[in-house]
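Asker: Got a structure here, written out as structure tokens. Questions coming.
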Amino acid sequence: ASPCVRIKAPASENRRDRALSDDEVATFWHGLAKAKMSETMRLALKFQLVTAQRKGEVIAAEWSELDRDPENGVWTIPADKAKNGVQHVVPLSPLALTVLDAIEANATPTDDKGKTLERTTPYLFPSPRCAKSVTGPAVDHALRNNRDLIGVADFVPHDLRRTAATRMASLGVDRTVLAKILNHVDRSVTGRYDTHSYVPEKRAALGRWGRKLEEVI
């Protein structure tokens, strides 16, 4: 039995509906440079906004899951990492590939003379303290402590995913395609019969979002 069974919740649980405006997105993107956090944290937050994926899946990403082909690049999230237990293919927009170049440069070690060394970690966002990736609470903490410096109030990492989804909807992306991008399981009868991958549609939608995001920032 849970020790919290008889303890009242400190407050009622409210669903968040925070999505950043275009001005806030631009402020966030450029404000990260002022934030007192590691470059790894900055890039993880940017990658979440660009790809619209869950924070936990972003920070656990490994280089072996990426195909960085300029035309048909994808990030394949394994079923054991996806929240819903379903393998998820995320097409990589040109902006996502640009962010990945910065992530690679940040994650690749160099010696005292600037010579590139072989990476010793499989993770895009390695922890500086252990052989694993950075943790979700660490990302939350870094953002919470820097919201004033960034210049955008009252937002958390998950709001970046909601922002991307909201903006794609406003750009005319079909809700079925949007659900596929977000890797939401369709439990309807139609969903069980529809086995289409939706990769082309997801690529077009994320490409549209990437171009809009480039305009905004």
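Ligands are numbered from 1 in the order shown, chains are lettered A, B, ... in the order of the structure tokens, and residues start at 1 in each chain.
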Write out as a VMD selection string all residues of segment 2-210 of chain A that backbone DSSP assigns to alpha helix (DSSP H).
Answerer: chain A and resid 22 to 31 39 to 51 55 to 59 94 to 107 136 to 144 147 to 150 157 to 170 175 to 181 189 to 193 199 to 210
Asker: Just list the residues in chain A DSSP gives strand (DSSP E or B) on the backbone, as a ChimeraX atom specification.
Answerer: /A:62,66-67,74-77,88-91,110,116,123,126,133
Asker: May I have the residues from that selection written out with all heavy atoms, as a compact mmCIF listing (two decimals), in the first residue's frame?
Answerer:
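Resulting contents of out.txt:
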```txt
# COMPACT_ATOMS: atom_id res chain seq x y z
N GLU A 62 20.28 8.18 -28.51
CA GLU A 62 21.63 7.69 -28.77
C GLU A 62 21.97 7.90 -30.25
O GLU A 62 21.08 7.90 -31.11
CB GLU A 62 21.74 6.22 -28.40
CG GLU A 62 21.47 5.94 -26.93
CD GLU A 62 21.67 4.47 -26.56
OE1 GLU A 62 22.59 3.84 -27.12
OE2 GLU A 62 20.90 3.96 -25.72
N LEU A 66 20.05 7.39 -34.95
CA LEU A 66 19.92 8.47 -35.94
C LEU A 66 20.40 8.05 -37.32
O LEU A 66 21.44 7.42 -37.47
CB LEU A 66 20.72 9.68 -35.48
CG LEU A 66 20.30 10.34 -34.17
CD1 LEU A 66 21.34 11.37 -33.75
CD2 LEU A 66 18.94 10.99 -34.30
N ASP A 67 19.63 8.44 -38.32
CA ASP A 67 20.06 8.41 -39.71
C ASP A 67 20.03 9.87 -40.16
O ASP A 67 18.96 10.46 -40.28
CB ASP A 67 19.11 7.56 -40.55
CG ASP A 67 19.45 7.60 -42.04
OD1 ASP A 67 20.34 8.37 -42.44
OD2 ASP A 67 18.82 6.85 -42.81
N VAL A 74 16.16 10.28 -40.29
CA VAL A 74 15.15 9.98 -39.28
C VAL A 74 15.84 9.68 -37.94
O VAL A 74 17.00 9.29 -37.89
CB VAL A 74 14.26 8.77 -39.65
CG1 VAL A 74 13.41 9.06 -40.87
CG2 VAL A 74 15.10 7.51 -39.85
N TRP A 75 15.08 9.87 -36.90
CA TRP A 75 15.45 9.43 -35.55
C TRP A 75 14.45 8.35 -35.16
O TRP A 75 13.25 8.61 -35.08
CB TRP A 75 15.39 10.62 -34.60
CG TRP A 75 15.45 10.29 -33.13
CD1 TRP A 75 16.05 9.21 -32.54
CD2 TRP A 75 14.88 11.07 -32.06
NE1 TRP A 75 15.90 9.26 -31.17
CE2 TRP A 75 15.17 10.39 -30.85
CE3 TRP A 75 14.15 12.25 -32.00
CZ2 TRP A 75 14.75 10.87 -29.61
CZ3 TRP A 75 13.73 12.73 -30.78
CH2 TRP A 75 14.04 12.05 -29.60
N THR A 76 14.93 7.14 -34.95
CA THR A 76 14.06 6.03 -34.59
C THR A 76 14.14 5.78 -33.09
O THR A 76 15.16 5.34 -32.58
CB THR A 76 14.45 4.75 -35.35
OG1 THR A 76 14.40 5.00 -36.76
CG2 THR A 76 13.49 3.61 -35.02
N ILE A 77 13.05 6.09 -32.40
CA ILE A 77 12.99 5.89 -30.95
C ILE A 77 12.55 4.45 -30.70
O ILE A 77 11.44 4.06 -31.10
CB ILE A 77 11.99 6.87 -30.30
CG1 ILE A 77 12.39 8.33 -30.61
CG2 ILE A 77 11.93 6.64 -28.79
CD1 ILE A 77 11.38 9.35 -30.12
N HIS A 88 8.95 4.51 -32.63
CA HIS A 88 8.49 5.77 -33.21
C HIS A 88 9.56 6.33 -34.14
O HIS A 88 10.72 6.48 -33.74
CB HIS A 88 8.20 6.76 -32.08
CG HIS A 88 7.66 8.08 -32.53
ND1 HIS A 88 6.79 8.22 -33.59
CD2 HIS A 88 7.87 9.34 -32.04
CE1 HIS A 88 6.48 9.48 -33.73
NE2 HIS A 88 7.12 10.19 -32.81
N VAL A 89 9.18 6.62 -35.38
CA VAL A 89 10.10 7.19 -36.36
C VAL A 89 9.83 8.68 -36.49
O VAL A 89 8.72 9.10 -36.83
CB VAL A 89 9.94 6.50 -37.74
CG1 VAL A 89 10.87 7.16 -38.77
CG2 VAL A 89 10.25 5.01 -37.63
N VAL A 90 10.85 9.48 -36.20
CA VAL A 90 10.73 10.94 -36.25
C VAL A 90 11.58 11.46 -37.41
O VAL A 90 12.82 11.44 -37.35
CB VAL A 90 11.23 11.58 -34.94
CG1 VAL A 90 11.02 13.10 -34.98
CG2 VAL A 90 10.53 10.96 -33.73
N PRO A 91 10.96 11.92 -38.49
CA PRO A 91 11.74 12.50 -39.59
C PRO A 91 12.50 13.75 -39.11
O PRO A 91 11.98 14.52 -38.29
CB PRO A 91 10.67 12.87 -40.63
CG PRO A 91 9.52 11.96 -40.32
CD PRO A 91 9.53 11.83 -38.82
N THR A 110 37.77 16.82 -27.31
CA THR A 110 39.02 17.20 -27.98
C THR A 110 40.14 17.19 -26.95
O THR A 110 39.91 17.29 -25.74
CB THR A 110 38.90 18.62 -28.59
OG1 THR A 110 38.56 19.55 -27.56
CG2 THR A 110 37.85 18.66 -29.68
N THR A 116 40.30 16.30 -32.42
CA THR A 116 39.08 15.57 -32.13
C THR A 116 39.40 14.16 -31.65
O THR A 116 40.21 13.45 -32.25
CB THR A 116 38.18 15.49 -33.37
OG1 THR A 116 37.84 16.82 -33.79
CG2 THR A 116 36.91 14.71 -33.08
N TYR A 123 25.37 8.55 -25.96
CA TYR A 123 24.26 9.49 -25.80
C TYR A 123 24.52 10.84 -26.46
O TYR A 123 25.65 11.34 -26.45
CB TYR A 123 23.95 9.70 -24.33
CG TYR A 123 23.51 8.45 -23.62
CD1 TYR A 123 24.37 7.78 -22.75
CD2 TYR A 123 22.25 7.91 -23.83
CE1 TYR A 123 23.97 6.61 -22.10
CE2 TYR A 123 21.84 6.75 -23.19
CZ TYR A 123 22.71 6.11 -22.33
OH TYR A 123 22.31 4.96 -21.70
N PRO A 126 25.11 13.52 -22.91
CA PRO A 126 25.72 12.76 -21.81
C PRO A 126 25.78 13.56 -20.52
O PRO A 126 25.94 14.78 -20.52
CB PRO A 126 27.12 12.47 -22.34
CG PRO A 126 27.41 13.58 -23.30
CD PRO A 126 26.09 13.90 -23.93
N SER A 133 22.98 9.36 -19.67
CA SER A 133 22.55 10.66 -20.20
C SER A 133 22.15 11.57 -19.05
O SER A 133 22.00 11.13 -17.90
CB SER A 133 21.36 10.46 -21.14
OG SER A 133 20.24 9.96 -20.43
```
Asker: Please produce, as JSON lines, a per-residue contact table for segment 106-175 of chain A versus segment 32-48 of chain A (criterion: any atom at most 9 Å away, only C-alpha atoms considered), showing the nearest atom pair and its distance in Å to one decimal, sorted by chain then residue number.
Answerer:
```
{"residue": "A:Asn106", "atom": "CA", "partner": "A:Thr40", "partner_atom": "CA", "distance": 7.1}
{"residue": "A:Ala107", "atom": "CA", "partner": "A:Thr40", "partner_atom": "CA", "distance": 7.9}
{"residue": "A:Leu124", "atom": "CA", "partner": "A:Thr40", "partner_atom": "CA", "distance": 8.5}
{"residue": "A:Phe125", "atom": "CA", "partner": "A:Thr40", "partner_atom": "CA", "distance": 5.8}
{"residue": "A:Pro126", "atom": "CA", "partner": "A:Thr40", "partner_atom": "CA", "distance": 7.7}
{"residue": "A:Ser127", "atom": "CA", "partner": "A:Thr40", "partner_atom": "CA", "distance": 8.6}
{"residue": "A:Val134", "atom": "CA", "partner": "A:Met41", "partner_atom": "CA", "distance": 8.3}
{"residue": "A:Ala138", "atom": "CA", "partner": "A:Met41", "partner_atom": "CA", "distance": 8.6}
{"residue": "A:Val139", "atom": "CA", "partner": "A:Met41", "partner_atom": "CA", "distance": 6.3}
{"residue": "A:Ala142", "atom": "CA", "partner": "A:Met37", "partner_atom": "CA", "distance": 6.1}
{"residue": "A:Leu143", "atom": "CA", "partner": "A:Met37", "partner_atom": "CA", "distance": 8.1}
{"residue": "A:Asn145", "atom": "CA", "partner": "A:Lys36", "partner_atom": "CA", "distance": 8.3}
{"residue": "A:Asn146", "atom": "CA", "partner": "A:Ala35", "partner_atom": "CA", "distance": 5.6}
{"residue": "A:Arg147", "atom": "CA", "partner": "A:Ala35", "partner_atom": "CA", "distance": 8.1}
{"residue": "A:Asp148", "atom": "CA", "partner": "A:Ala35", "partner_atom": "CA", "distance": 8.8}
{"residue": "A:Leu149", "atom": "CA", "partner": "A:Ala35", "partner_atom": "CA", "distance": 5.7}
{"residue": "A:Ile150", "atom": "CA", "partner": "A:Leu32", "partner_atom": "CA", "distance": 5.7}
{"residue": "A:Pro157", "atom": "CA", "partner": "A:Leu45", "partner_atom": "CA", "distance": 6.9}
{"residue": "A:His158", "atom": "CA", "partner": "A:Gln48", "partner_atom": "CA", "distance": 8.6}
{"residue": "A:Leu160", "atom": "CA", "partner": "A:Gln48", "partner_atom": "CA", "distance": 6.7}
{"residue": "A:Arg161", "atom": "CA", "partner": "A:Gln48", "partner_atom": "CA", "distance": 6.5}
{"residue": "A:Ala164", "atom": "CA", "partner": "A:Gln48", "partner_atom": "CA", "distance": 8.9}
```
Asker: Quick one: pull the distance between atom CA of Trp63 of chain A and atom CA of His184 of chain A, Å, one decimal.
Answerer: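 For atom CA of Trp63 of chain A relative to atom CA of His184 of chain A, the distance reads 23.9 Å.
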Asker: For the atom pair atom CA of Arg68 of chain A and atom CA of Thr108 of chain A, what is the interatomic distance in Å to one decimal place?
Answerer: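 Interatomic distance here is 16.5 Å.
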Asker: State, in Å with one decimal place, the distance from atom CA of Val185 of chain A to atom CA of Tyr198 of chain A.
Answerer: 13.4 Å
Asker: Do you know which residues are at most 9 Å from Met168 of chain A counting only C-alpha atoms, after dropping those on the same chain fewer than 6 positions away, and could you put them as a PyMOL selection string?
Answerer: chain A and resi 174+178+205-206+208-209
Asker: Of the residues A:Ala165, A:Leu49, A:Thr120, A:Asp140, which is the one nearest to Trp29 of chain A, using only C-alpha atoms?
Answerer: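 Among the listed residues, A:Leu49 lies closest to Trp29 of chain A.
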Asker: Check the smallest atom-to-atom distance from each of A:Arg129, A:Arg6, A:Lys81, A:Arg167 to Val50 of chain A using only C-alpha atoms, then report the winner.
Answerer: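 For Val50 of chain A, the nearest of the given residues is A:Arg167.
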Asker: May I ask which of the residues A:Glu118, A:Leu92, A:Val173, A:Glu71 is the closest one to Glu104 of chain A, counting only C-alpha atoms?
Answerer: A:Glu118
Asker: Could you list, as a PyMOL selection string, every residue within 7 Å of Gln87 of chain A, counting only C-alpha atoms and ignoring same-chain residues fewer than 3 positions away?
Answerer: chain A and resi 77-79+82
Asker: Hey, which of A:Arg119, A:Pro200, A:Ile181, A:Ile7 ends up closest to Ala105 of chain A? Count only C-alpha atoms.
Answerer: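 Residue with the minimum atom-to-atom distance to Ala105 of chain A: A:Arg119.
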Asker: In terms of the shortest atom-to-atom distance over only C-alpha atoms, which of A:Val5, A:Leu95, A:Ala60, A:Val86 is closest to Gly210 of chain A?
Answerer: A:Leu95
